[in-house]
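Asker: Okay, here's the structure, questions in a sec.
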Amino acid sequence: MPAAERREELIAAAVHEFARGGLHGTPVERVARRVGVAQPYVFTLFASKLELFLAAVERGFERVAETFVGAAGEYREHRAPPGCEDVLAAMGQAYKELLASDRDYLMLQLQSYAACDDEQVRACVRRRYAELVALARELSGADGERLDAFFRHGMAYNVAAAMGVSELSVAAPWVEEELRKGRPSG
């Protein structure tokens with residue numbers, strides 16, 4: 001198999017493995033095993049574990065950007081999901097669907113934020129996040145206030161999806177259910 005194809009396989013495997021274990025908790029051996037290669041081979045394509053992690057993080061941000069572009073295109077072709085009054089709402093709906101359908105990208109995104117104590121990770125995540133903001137602005141034409149609200153809601157979707165709930169509202173039924181479970185009987 002050509003090295004470029006193997007590199008793509010390794011990035012896909014890294015997305016999955018780093019999503020579960022994060023930068024510091026995922027051995028490169030696990031990524032290599034998932035693809036069926038020896039660990040030393042991984043280091044012929046990636047200089048370090050950090051470089052492999054950053055490639056996975058980049059892939060995650062690319063997936064979100066593709067989701068935004070696809071949703072904006074569908075909206076403009078009059079194939080917007082029900083209840084989406086504008087491009088930004090369609091992009092938000094598509095993002096929620098991505099979080100529900102591909103948990104690896106959600107968890108990798110959360111792992112990338114958790115690894116921001118590393119300067120290279122922080123620089124990568126900040127750059128890619130800023131690029132998503134610029135892309136959302138370009139695709140939607142929304143002003144700064146609407147974009148702020150859009151990204152705040154996106155972060156709330158991340159937390160809700162990570163916990164396996166549909167919303168974070170204090171009035172959500174699951175909140176009261178959890179509180180009842182935790183109360184001692186008496």
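Following the order of the structure tokens, chains are lettered A, B, ..., residues in each are numbered from 1, and ligands are numbered from 1.
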DSSP on the backbone: which residues in segment 3-181 of chain A end up as helix (DSSP H, G or I)? Give the answer as a compact mmCIF listing (two decimals) with N, CA, C and O atoms, in the first residue's frame.
Answerer:
# COMPACT_ATOMS: atom_id res chain seq x y z
N ALA A 3 2.41 4.84 0.80
CA ALA A 3 2.54 5.52 2.09
C ALA A 3 1.42 6.55 2.30
O ALA A 3 0.93 6.70 3.43
N ALA A 4 1.00 7.22 1.25
CA ALA A 4 -0.07 8.22 1.40
C ALA A 4 -1.37 7.58 1.85
O ALA A 4 -2.08 8.13 2.71
N GLU A 5 -1.69 6.41 1.31
CA GLU A 5 -2.90 5.70 1.73
C GLU A 5 -2.77 5.20 3.17
O GLU A 5 -3.72 5.28 3.95
N ARG A 6 -1.60 4.69 3.48
CA ARG A 6 -1.38 4.19 4.85
C ARG A 6 -1.46 5.35 5.84
O ARG A 6 -2.00 5.21 6.92
N ARG A 7 -0.95 6.50 5.44
CA ARG A 7 -1.02 7.69 6.30
C ARG A 7 -2.48 8.04 6.59
O ARG A 7 -2.84 8.33 7.73
N GLU A 8 -3.32 7.99 5.56
CA GLU A 8 -4.74 8.28 5.75
C GLU A 8 -5.39 7.26 6.68
O GLU A 8 -6.21 7.63 7.52
N GLU A 9 -5.03 6.00 6.54
CA GLU A 9 -5.55 4.97 7.44
C GLU A 9 -5.13 5.23 8.88
O GLU A 9 -5.92 5.06 9.81
N LEU A 10 -3.90 5.64 9.06
CA LEU A 10 -3.39 5.93 10.40
C LEU A 10 -4.10 7.13 11.02
O LEU A 10 -4.42 7.12 12.21
N ILE A 11 -4.37 8.14 10.21
CA ILE A 11 -5.09 9.31 10.74
C ILE A 11 -6.50 8.89 11.16
O ILE A 11 -6.97 9.28 12.24
N ALA A 12 -7.18 8.10 10.34
CA ALA A 12 -8.53 7.64 10.70
C ALA A 12 -8.48 6.82 11.99
O ALA A 12 -9.34 6.98 12.87
N ALA A 13 -7.50 5.96 12.12
CA ALA A 13 -7.36 5.17 13.34
C ALA A 13 -7.02 6.07 14.52
O ALA A 13 -7.52 5.85 15.64
N ALA A 14 -6.20 7.07 14.29
CA ALA A 14 -5.84 8.01 15.36
C ALA A 14 -7.05 8.80 15.84
O ALA A 14 -7.20 9.04 17.04
N VAL A 15 -7.92 9.19 14.91
CA VAL A 15 -9.15 9.89 15.31
C VAL A 15 -9.90 9.02 16.32
O VAL A 15 -10.30 9.48 17.39
N HIS A 16 -10.07 7.76 15.99
CA HIS A 16 -10.81 6.85 16.86
C HIS A 16 -10.10 6.65 18.20
O HIS A 16 -10.73 6.76 19.26
N GLU A 17 -8.84 6.36 18.17
CA GLU A 17 -8.12 6.05 19.41
C GLU A 17 -7.91 7.27 20.30
O GLU A 17 -8.11 7.22 21.51
N PHE A 18 -7.51 8.39 19.71
CA PHE A 18 -7.31 9.60 20.52
C PHE A 18 -8.64 10.13 21.05
O PHE A 18 -8.67 10.76 22.11
N ALA A 19 -9.73 9.88 20.35
CA ALA A 19 -11.05 10.29 20.84
C ALA A 19 -11.34 9.63 22.18
O ALA A 19 -11.99 10.21 23.04
N ARG A 20 -10.86 8.43 22.36
CA ARG A 20 -11.11 7.69 23.60
C ARG A 20 -10.07 7.94 24.68
O ARG A 20 -10.40 8.05 25.85
N GLY A 21 -8.82 8.03 24.29
CA GLY A 21 -7.76 8.11 25.29
C GLY A 21 -7.05 9.44 25.40
O GLY A 21 -6.26 9.64 26.32
N GLY A 22 -7.30 10.34 24.46
CA GLY A 22 -6.62 11.63 24.49
C GLY A 22 -5.16 11.53 24.08
O GLY A 22 -4.64 10.44 23.80
N LEU A 23 -4.51 12.65 24.07
CA LEU A 23 -3.10 12.73 23.66
C LEU A 23 -2.21 11.90 24.58
O LEU A 23 -1.41 11.09 24.13
N HIS A 24 -2.35 12.07 25.87
CA HIS A 24 -1.43 11.45 26.81
C HIS A 24 -1.80 10.02 27.17
O HIS A 24 -0.95 9.25 27.58
N GLY A 25 -3.06 9.65 26.99
CA GLY A 25 -3.50 8.32 27.40
C GLY A 25 -3.58 7.29 26.29
O GLY A 25 -4.01 6.16 26.52
N VAL A 28 0.75 4.95 20.89
CA VAL A 28 0.84 4.87 19.42
C VAL A 28 0.66 3.42 18.97
O VAL A 28 0.10 3.15 17.91
N GLU A 29 1.09 2.49 19.80
CA GLU A 29 0.94 1.06 19.48
C GLU A 29 -0.52 0.72 19.19
O GLU A 29 -0.82 -0.08 18.32
N ARG A 30 -1.44 1.31 19.93
CA ARG A 30 -2.87 1.03 19.74
C ARG A 30 -3.32 1.51 18.36
O ARG A 30 -4.11 0.85 17.69
N VAL A 31 -2.86 2.68 17.94
CA VAL A 31 -3.20 3.20 16.61
C VAL A 31 -2.62 2.28 15.55
O VAL A 31 -3.30 1.91 14.59
N ALA A 32 -1.36 1.89 15.73
CA ALA A 32 -0.70 1.01 14.76
C ALA A 32 -1.44 -0.32 14.64
O ALA A 32 -1.68 -0.81 13.52
N ARG A 33 -1.80 -0.90 15.77
CA ARG A 33 -2.50 -2.18 15.78
C ARG A 33 -3.83 -2.09 15.03
O ARG A 33 -4.19 -3.01 14.30
N ARG A 34 -4.53 -0.99 15.20
CA ARG A 34 -5.83 -0.82 14.54
C ARG A 34 -5.67 -0.87 13.01
O ARG A 34 -6.57 -1.32 12.31
N VAL A 35 -4.54 -0.43 12.51
CA VAL A 35 -4.29 -0.41 11.06
C VAL A 35 -3.55 -1.67 10.61
O VAL A 35 -3.52 -1.97 9.42
N GLN A 39 4.42 -0.42 15.28
CA GLN A 39 4.57 0.93 15.80
C GLN A 39 5.72 1.70 15.12
O GLN A 39 5.54 2.87 14.78
N PRO A 40 6.90 1.09 14.91
CA PRO A 40 7.98 1.85 14.27
C PRO A 40 7.58 2.39 12.88
O PRO A 40 8.04 3.46 12.48
N TYR A 41 6.71 1.67 12.19
CA TYR A 41 6.27 2.15 10.87
C TYR A 41 5.52 3.48 10.99
O TYR A 41 5.67 4.36 10.14
N VAL A 42 4.73 3.63 12.04
CA VAL A 42 3.98 4.88 12.25
C VAL A 42 4.96 6.05 12.26
O VAL A 42 4.68 7.11 11.68
N PHE A 43 6.11 5.84 12.88
CA PHE A 43 7.08 6.94 13.01
C PHE A 43 7.87 7.19 11.74
O PHE A 43 8.64 8.15 11.67
N THR A 44 7.67 6.38 10.72
CA THR A 44 8.22 6.72 9.41
C THR A 44 7.32 7.71 8.68
O THR A 44 7.77 8.41 7.77
N LEU A 45 6.05 7.77 9.09
CA LEU A 45 5.09 8.69 8.47
C LEU A 45 4.77 9.91 9.32
O LEU A 45 4.33 10.94 8.80
N LYS A 49 4.34 11.19 18.25
CA LYS A 49 2.96 10.97 18.67
C LYS A 49 2.17 12.28 18.58
O LYS A 49 1.02 12.30 18.14
N LEU A 50 2.79 13.39 18.97
CA LEU A 50 2.13 14.69 18.89
C LEU A 50 1.75 15.03 17.45
O LEU A 50 0.65 15.52 17.19
N GLU A 51 2.64 14.75 16.51
CA GLU A 51 2.33 15.03 15.11
C GLU A 51 1.13 14.20 14.64
O GLU A 51 0.27 14.69 13.91
N LEU A 52 1.05 12.95 15.07
CA LEU A 52 -0.09 12.10 14.73
C LEU A 52 -1.37 12.65 15.36
O LEU A 52 -2.42 12.71 14.71
N PHE A 53 -1.30 13.06 16.62
CA PHE A 53 -2.45 13.65 17.29
C PHE A 53 -2.92 14.91 16.55
O PHE A 53 -4.11 15.09 16.31
N LEU A 54 -1.97 15.77 16.18
CA LEU A 54 -2.33 17.00 15.47
C LEU A 54 -2.97 16.70 14.12
O LEU A 54 -3.91 17.39 13.70
N ALA A 55 -2.51 15.66 13.44
CA ALA A 55 -3.13 15.26 12.17
C ALA A 55 -4.58 14.83 12.41
O ALA A 55 -5.47 15.15 11.61
N ALA A 56 -4.82 14.11 13.49
CA ALA A 56 -6.19 13.69 13.83
C ALA A 56 -7.05 14.92 14.17
O ALA A 56 -8.20 15.02 13.72
N VAL A 57 -6.50 15.85 14.93
CA VAL A 57 -7.23 17.07 15.28
C VAL A 57 -7.58 17.86 14.03
O VAL A 57 -8.72 18.32 13.87
N GLU A 58 -6.62 17.99 13.13
CA GLU A 58 -6.87 18.68 11.86
C GLU A 58 -8.01 18.01 11.11
O GLU A 58 -8.91 18.67 10.59
N ARG A 59 -8.00 16.68 11.08
CA ARG A 59 -9.06 15.93 10.40
C ARG A 59 -10.42 16.23 11.04
O ARG A 59 -11.42 16.38 10.34
N GLY A 60 -10.45 16.32 12.36
CA GLY A 60 -11.70 16.63 13.04
C GLY A 60 -12.25 18.00 12.66
O GLY A 60 -13.45 18.15 12.38
N PHE A 61 -11.39 18.98 12.62
CA PHE A 61 -11.84 20.32 12.23
C PHE A 61 -12.25 20.35 10.77
O PHE A 61 -13.21 21.05 10.40
N GLU A 62 -11.55 19.58 9.92
CA GLU A 62 -11.95 19.49 8.52
C GLU A 62 -13.36 18.93 8.40
O GLU A 62 -14.16 19.40 7.58
N ARG A 63 -13.66 17.93 9.20
CA ARG A 63 -14.99 17.31 9.16
C ARG A 63 -16.07 18.30 9.55
O ARG A 63 -17.14 18.35 8.93
N VAL A 64 -15.82 19.13 10.55
CA VAL A 64 -16.80 20.14 10.94
C VAL A 64 -16.96 21.17 9.82
O VAL A 64 -18.09 21.54 9.47
N ALA A 65 -15.86 21.60 9.23
CA ALA A 65 -15.93 22.57 8.14
C ALA A 65 -16.72 22.00 6.96
O ALA A 65 -17.57 22.69 6.37
N GLU A 66 -16.48 20.74 6.62
CA GLU A 66 -17.23 20.09 5.54
C GLU A 66 -18.72 20.04 5.88
O GLU A 66 -19.57 20.21 4.99
N THR A 67 -19.03 19.81 7.13
CA THR A 67 -20.43 19.78 7.58
C THR A 67 -21.08 21.14 7.39
O THR A 67 -22.20 21.23 6.89
N PHE A 68 -20.38 22.19 7.77
CA PHE A 68 -20.90 23.55 7.59
C PHE A 68 -21.13 23.85 6.11
O PHE A 68 -22.19 24.36 5.72
N VAL A 69 -20.14 23.55 5.29
CA VAL A 69 -20.24 23.85 3.85
C VAL A 69 -21.40 23.06 3.23
O VAL A 69 -22.18 23.60 2.45
N GLY A 70 -21.50 21.79 3.58
CA GLY A 70 -22.58 20.96 3.03
C GLY A 70 -23.95 21.47 3.43
O GLY A 70 -24.87 21.54 2.60
N ALA A 71 -24.10 21.84 4.70
CA ALA A 71 -25.40 22.34 5.17
C ALA A 71 -25.76 23.66 4.50
O ALA A 71 -26.91 23.88 4.12
N ALA A 72 -24.79 24.54 4.33
CA ALA A 72 -25.04 25.82 3.67
C ALA A 72 -25.45 25.59 2.22
O ALA A 72 -26.39 26.22 1.72
N GLY A 73 -24.78 24.66 1.55
CA GLY A 73 -25.13 24.34 0.16
C GLY A 73 -26.53 23.78 0.04
O GLY A 73 -27.31 24.17 -0.84
N GLU A 74 -26.88 22.87 0.93
CA GLU A 74 -28.23 22.30 0.90
C GLU A 74 -29.28 23.35 1.21
O GLU A 74 -30.35 23.36 0.59
N TYR A 75 -29.00 24.23 2.13
CA TYR A 75 -29.95 25.29 2.45
C TYR A 75 -30.19 26.15 1.21
O TYR A 75 -31.34 26.48 0.90
N ARG A 76 -29.13 26.51 0.55
CA ARG A 76 -29.25 27.37 -0.64
C ARG A 76 -29.97 26.67 -1.79
O ARG A 76 -30.55 27.33 -2.64
N VAL A 87 -29.32 30.02 6.97
CA VAL A 87 -28.14 29.18 6.75
C VAL A 87 -27.49 28.78 8.08
O VAL A 87 -27.10 27.63 8.27
N LEU A 88 -27.38 29.71 9.00
CA LEU A 88 -26.74 29.43 10.28
C LEU A 88 -27.50 28.34 11.04
O LEU A 88 -26.89 27.43 11.61
N ALA A 89 -28.81 28.40 11.02
CA ALA A 89 -29.62 27.37 11.69
C ALA A 89 -29.42 26.02 11.01
O ALA A 89 -29.33 24.98 11.68
N ALA A 90 -29.34 26.00 9.69
CA ALA A 90 -29.11 24.74 8.96
C ALA A 90 -27.74 24.17 9.31
O ALA A 90 -27.58 22.95 9.49
N MET A 91 -26.74 25.04 9.43
CA MET A 91 -25.40 24.59 9.81
C MET A 91 -25.41 24.02 11.23
O MET A 91 -24.79 22.99 11.50
N GLY A 92 -26.13 24.67 12.13
CA GLY A 92 -26.24 24.18 13.51
C GLY A 92 -26.92 22.83 13.57
O GLY A 92 -26.48 21.93 14.30
N GLN A 93 -27.98 22.66 12.79
CA GLN A 93 -28.68 21.37 12.76
C GLN A 93 -27.77 20.27 12.22
O GLN A 93 -27.72 19.17 12.76
N ALA A 94 -27.04 20.58 11.16
CA ALA A 94 -26.12 19.59 10.58
C ALA A 94 -25.02 19.23 11.58
O ALA A 94 -24.60 18.07 11.67
N TYR A 95 -24.56 20.21 12.34
CA TYR A 95 -23.54 19.96 13.34
C TYR A 95 -24.07 19.04 14.44
O TYR A 95 -23.40 18.09 14.85
N LYS A 96 -25.29 19.30 14.88
CA LYS A 96 -25.90 18.42 15.88
C LYS A 96 -26.00 16.99 15.35
O LYS A 96 -25.76 16.03 16.08
N GLU A 97 -26.36 16.84 14.09
CA GLU A 97 -26.46 15.51 13.49
C GLU A 97 -25.09 14.84 13.42
O GLU A 97 -24.98 13.63 13.65
N LEU A 98 -24.05 15.61 13.12
CA LEU A 98 -22.69 15.05 13.11
C LEU A 98 -22.32 14.55 14.50
O LEU A 98 -21.79 13.44 14.65
N LEU A 99 -22.63 15.33 15.53
CA LEU A 99 -22.30 14.91 16.89
C LEU A 99 -23.01 13.62 17.26
O LEU A 99 -22.46 12.77 17.96
N ALA A 100 -24.25 13.48 16.79
CA ALA A 100 -25.03 12.28 17.11
C ALA A 100 -24.58 11.07 16.29
O ALA A 100 -24.64 9.94 16.77
N SER A 101 -24.11 11.31 15.08
CA SER A 101 -23.82 10.18 14.18
C SER A 101 -22.37 9.71 14.25
O SER A 101 -22.07 8.58 13.87
N ARG A 103 -19.57 9.87 17.00
CA ARG A 103 -19.09 10.24 18.34
C ARG A 103 -17.57 10.44 18.38
O ARG A 103 -17.07 11.22 19.19
N ASP A 104 -16.82 9.76 17.52
CA ASP A 104 -15.37 9.93 17.51
C ASP A 104 -14.97 11.39 17.32
O ASP A 104 -14.07 11.89 17.99
N TYR A 105 -15.64 12.07 16.38
CA TYR A 105 -15.27 13.46 16.13
C TYR A 105 -15.63 14.36 17.29
O TYR A 105 -14.90 15.30 17.61
N LEU A 106 -16.74 14.08 17.93
CA LEU A 106 -17.11 14.84 19.13
C LEU A 106 -16.07 14.64 20.22
O LEU A 106 -15.54 15.61 20.78
N MET A 107 -15.76 13.40 20.53
CA MET A 107 -14.84 13.13 21.63
C MET A 107 -13.42 13.61 21.30
O MET A 107 -12.72 14.09 22.18
N LEU A 108 -13.01 13.50 20.04
CA LEU A 108 -11.69 14.02 19.66
C LEU A 108 -11.64 15.53 19.85
O LEU A 108 -10.64 16.07 20.33
N GLN A 109 -12.74 16.21 19.51
CA GLN A 109 -12.76 17.65 19.70
C GLN A 109 -12.59 17.99 21.18
O GLN A 109 -11.80 18.87 21.54
N LEU A 110 -13.29 17.28 22.04
CA LEU A 110 -13.15 17.53 23.47
C LEU A 110 -11.75 17.20 23.95
O LEU A 110 -11.17 17.94 24.77
N GLN A 111 -11.17 16.12 23.44
CA GLN A 111 -9.79 15.76 23.80
C GLN A 111 -8.81 16.83 23.32
O GLN A 111 -7.82 17.10 24.00
N SER A 112 -9.08 17.41 22.16
CA SER A 112 -8.16 18.45 21.66
C SER A 112 -8.19 19.67 22.57
O SER A 112 -7.15 20.27 22.84
N TYR A 113 -9.37 20.04 23.07
CA TYR A 113 -9.44 21.17 24.00
C TYR A 113 -8.71 20.82 25.29
O TYR A 113 -8.01 21.65 25.87
N ALA A 114 -8.87 19.58 25.75
CA ALA A 114 -8.21 19.15 27.00
C ALA A 114 -6.70 19.15 26.87
O ALA A 114 -6.00 19.33 27.86
N GLU A 119 1.60 23.70 23.89
CA GLU A 119 1.60 24.90 23.04
C GLU A 119 1.26 24.61 21.59
O GLU A 119 0.54 25.37 20.95
N GLN A 120 1.77 23.49 21.04
CA GLN A 120 1.48 23.17 19.65
C GLN A 120 0.01 22.80 19.46
O GLN A 120 -0.60 23.18 18.46
N VAL A 121 -0.53 22.07 20.39
CA VAL A 121 -1.95 21.72 20.30
C VAL A 121 -2.79 22.99 20.40
O VAL A 121 -3.71 23.21 19.61
N ARG A 122 -2.47 23.82 21.38
CA ARG A 122 -3.22 25.06 21.57
C ARG A 122 -3.17 25.91 20.30
O ARG A 122 -4.20 26.44 19.85
N ALA A 123 -2.00 26.04 19.69
CA ALA A 123 -1.88 26.85 18.46
C ALA A 123 -2.73 26.25 17.34
O ALA A 123 -3.42 26.99 16.62
N CYS A 124 -2.70 24.96 17.19
CA CYS A 124 -3.49 24.28 16.15
C CYS A 124 -4.98 24.48 16.40
O CYS A 124 -5.73 24.86 15.49
N VAL A 125 -5.43 24.22 17.61
CA VAL A 125 -6.85 24.31 17.94
C VAL A 125 -7.35 25.75 17.80
O VAL A 125 -8.42 26.00 17.23
N ARG A 126 -6.57 26.71 18.25
CA ARG A 126 -6.98 28.11 18.13
C ARG A 126 -7.09 28.53 16.66
O ARG A 126 -8.06 29.19 16.26
N ARG A 127 -6.09 28.14 15.86
CA ARG A 127 -6.11 28.49 14.44
C ARG A 127 -7.32 27.87 13.75
O ARG A 127 -8.06 28.54 13.03
N ARG A 128 -7.55 26.58 14.01
CA ARG A 128 -8.65 25.89 13.33
C ARG A 128 -10.01 26.41 13.80
O ARG A 128 -10.94 26.53 13.02
N TYR A 129 -10.14 26.74 15.09
CA TYR A 129 -11.38 27.31 15.60
C TYR A 129 -11.64 28.66 14.92
O TYR A 129 -12.75 28.93 14.47
N ALA A 130 -10.60 29.50 14.84
CA ALA A 130 -10.74 30.80 14.19
C ALA A 130 -11.15 30.62 12.72
O ALA A 130 -11.99 31.39 12.20
N GLU A 131 -10.60 29.61 12.06
CA GLU A 131 -10.98 29.34 10.67
C GLU A 131 -12.45 28.92 10.57
O GLU A 131 -13.14 29.29 9.61
N LEU A 132 -12.96 28.16 11.56
CA LEU A 132 -14.38 27.81 11.56
C LEU A 132 -15.25 29.05 11.73
O LEU A 132 -16.30 29.18 11.09
N VAL A 133 -14.81 29.97 12.58
CA VAL A 133 -15.55 31.22 12.77
C VAL A 133 -15.61 31.98 11.44
O VAL A 133 -16.68 32.43 11.00
N ALA A 134 -14.47 32.10 10.77
CA ALA A 134 -14.42 32.81 9.49
C ALA A 134 -15.30 32.11 8.45
O ALA A 134 -16.01 32.77 7.67
N LEU A 135 -15.28 30.78 8.43
CA LEU A 135 -16.09 30.03 7.49
C LEU A 135 -17.58 30.25 7.77
O LEU A 135 -18.36 30.49 6.85
N ALA A 136 -17.98 30.18 9.03
CA ALA A 136 -19.38 30.40 9.38
C ALA A 136 -19.82 31.81 9.00
O ALA A 136 -20.93 32.01 8.51
N ARG A 137 -18.95 32.77 9.20
CA ARG A 137 -19.25 34.16 8.82
C ARG A 137 -19.45 34.25 7.31
O ARG A 137 -20.41 34.85 6.83
N GLU A 138 -18.52 33.65 6.57
CA GLU A 138 -18.59 33.69 5.10
C GLU A 138 -19.84 32.98 4.58
O GLU A 138 -20.52 33.49 3.69
N LEU A 139 -20.16 31.82 5.11
CA LEU A 139 -21.29 31.04 4.61
C LEU A 139 -22.64 31.65 4.99
O LEU A 139 -23.61 31.51 4.24
N SER A 140 -22.69 32.29 6.15
CA SER A 140 -23.98 32.77 6.65
C SER A 140 -24.20 34.27 6.48
O SER A 140 -25.35 34.72 6.45
N GLY A 144 -21.41 39.55 14.15
CA GLY A 144 -20.65 39.01 15.27
C GLY A 144 -21.51 38.48 16.40
O GLY A 144 -21.20 37.44 16.99
N GLU A 145 -22.60 39.17 16.71
CA GLU A 145 -23.47 38.73 17.80
C GLU A 145 -24.12 37.38 17.49
O GLU A 145 -24.17 36.48 18.33
N ARG A 146 -24.60 37.22 16.27
CA ARG A 146 -25.22 35.94 15.88
C ARG A 146 -24.18 34.83 15.84
O ARG A 146 -24.45 33.70 16.22
N LEU A 147 -22.97 35.15 15.37
CA LEU A 147 -21.91 34.13 15.34
C LEU A 147 -21.52 33.72 16.75
O LEU A 147 -21.29 32.54 17.02
N ASP A 148 -21.43 34.69 17.66
CA ASP A 148 -21.14 34.36 19.06
C ASP A 148 -22.18 33.38 19.60
O ASP A 148 -21.84 32.38 20.24
N ALA A 149 -23.44 33.68 19.37
CA ALA A 149 -24.52 32.81 19.86
C ALA A 149 -24.43 31.43 19.20
O ALA A 149 -24.62 30.40 19.87
N PHE A 150 -24.13 31.39 17.92
CA PHE A 150 -24.01 30.13 17.18
C PHE A 150 -22.92 29.25 17.80
O PHE A 150 -23.15 28.06 18.07
N PHE A 151 -21.76 29.82 18.05
CA PHE A 151 -20.66 29.02 18.59
C PHE A 151 -20.89 28.68 20.07
O PHE A 151 -20.50 27.59 20.50
N ARG A 152 -21.53 29.56 20.82
CA ARG A 152 -21.89 29.20 22.20
C ARG A 152 -22.84 28.02 22.22
O ARG A 152 -22.66 27.08 22.99
N HIS A 153 -23.83 28.05 21.35
CA HIS A 153 -24.76 26.92 21.26
C HIS A 153 -24.03 25.66 20.81
O HIS A 153 -24.33 24.56 21.29
N GLY A 154 -23.09 25.81 19.90
CA GLY A 154 -22.30 24.65 19.46
C GLY A 154 -21.55 24.01 20.60
O GLY A 154 -21.50 22.77 20.73
N MET A 155 -20.97 24.82 21.47
CA MET A 155 -20.26 24.27 22.62
C MET A 155 -21.23 23.59 23.58
O MET A 155 -20.92 22.55 24.16
N ALA A 156 -22.41 24.16 23.73
CA ALA A 156 -23.43 23.52 24.58
C ALA A 156 -23.84 22.18 23.96
O ALA A 156 -24.04 21.19 24.68
N TYR A 157 -23.97 22.12 22.63
CA TYR A 157 -24.29 20.85 21.97
C TYR A 157 -23.21 19.83 22.26
O TYR A 157 -23.49 18.65 22.47
N ASN A 158 -21.94 20.27 22.24
CA ASN A 158 -20.83 19.35 22.52
C ASN A 158 -20.99 18.71 23.90
O ASN A 158 -20.86 17.50 24.05
N VAL A 159 -21.25 19.55 24.89
CA VAL A 159 -21.37 19.05 26.26
C VAL A 159 -22.57 18.11 26.37
O VAL A 159 -22.48 17.03 26.95
N ALA A 160 -23.70 18.52 25.80
CA ALA A 160 -24.90 17.68 25.86
C ALA A 160 -24.66 16.35 25.16
O ALA A 160 -24.99 15.28 25.70
N ALA A 161 -24.07 16.39 23.98
CA ALA A 161 -23.81 15.15 23.24
C ALA A 161 -22.84 14.25 24.00
O ALA A 161 -23.01 13.03 24.04
N ALA A 162 -21.83 14.84 24.62
CA ALA A 162 -20.87 14.04 25.39
C ALA A 162 -21.57 13.32 26.54
O ALA A 162 -21.25 12.18 26.86
N MET A 163 -22.55 13.99 27.17
CA MET A 163 -23.28 13.39 28.27
C MET A 163 -24.42 12.50 27.81
O MET A 163 -25.07 11.84 28.61
N PRO A 173 -36.00 17.24 31.55
CA PRO A 173 -36.44 16.14 32.42
C PRO A 173 -35.29 15.30 32.99
O PRO A 173 -35.36 14.85 34.12
N TRP A 174 -34.23 15.13 32.24
CA TRP A 174 -33.14 14.29 32.72
C TRP A 174 -32.46 14.88 33.96
O TRP A 174 -31.94 14.14 34.78
N VAL A 175 -32.46 16.22 34.07
CA VAL A 175 -31.83 16.86 35.22
C VAL A 175 -32.54 16.42 36.50
O VAL A 175 -31.90 15.99 37.48
N GLU A 176 -33.86 16.53 36.50
CA GLU A 176 -34.63 16.14 37.69
C GLU A 176 -34.49 14.65 37.97
O GLU A 176 -34.38 14.23 39.13
N GLU A 177 -34.47 13.84 36.90
CA GLU A 177 -34.27 12.39 37.09
C GLU A 177 -32.94 12.10 37.79
O GLU A 177 -32.88 11.28 38.70
N GLU A 178 -31.89 12.76 37.36
CA GLU A 178 -30.58 12.55 37.98
C GLU A 178 -30.58 12.99 39.44
O GLU A 178 -29.98 12.34 40.28
N LEU A 179 -31.25 14.09 39.70
CA LEU A 179 -31.31 14.57 41.08
C LEU A 179 -32.08 13.60 41.97
O LEU A 179 -31.70 13.36 43.11
N ARG A 180 -33.15 13.01 41.43
CA ARG A 180 -33.91 12.02 42.20
C ARG A 180 -33.07 10.78 42.48
O ARG A 180 -33.12 10.22 43.56
N LYS A 181 -32.28 10.36 41.51
CA LYS A 181 -31.42 9.18 41.70
C LYS A 181 -30.41 9.41 42.81
O LYS A 181 -30.08 8.49 43.55
Asker: Can you measure atom CA of Thr26 of chain A to atom CA of Ala115 of chain A for me? One decimal in Å is fine.
Answerer: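 Atom-to-atom, atom CA of Thr26 of chain A and atom CA of Ala115 of chain A are spaced 12.3 Å apart.
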Asker: I'd like the interatomic distance between atom CA of Leu168 of chain A and atom CA of Gly141 of chain A, to a tenth of an Å.
Answerer: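 Going from atom CA of Leu168 of chain A over to atom CA of Gly141 of chain A, I get 27.7 Å.
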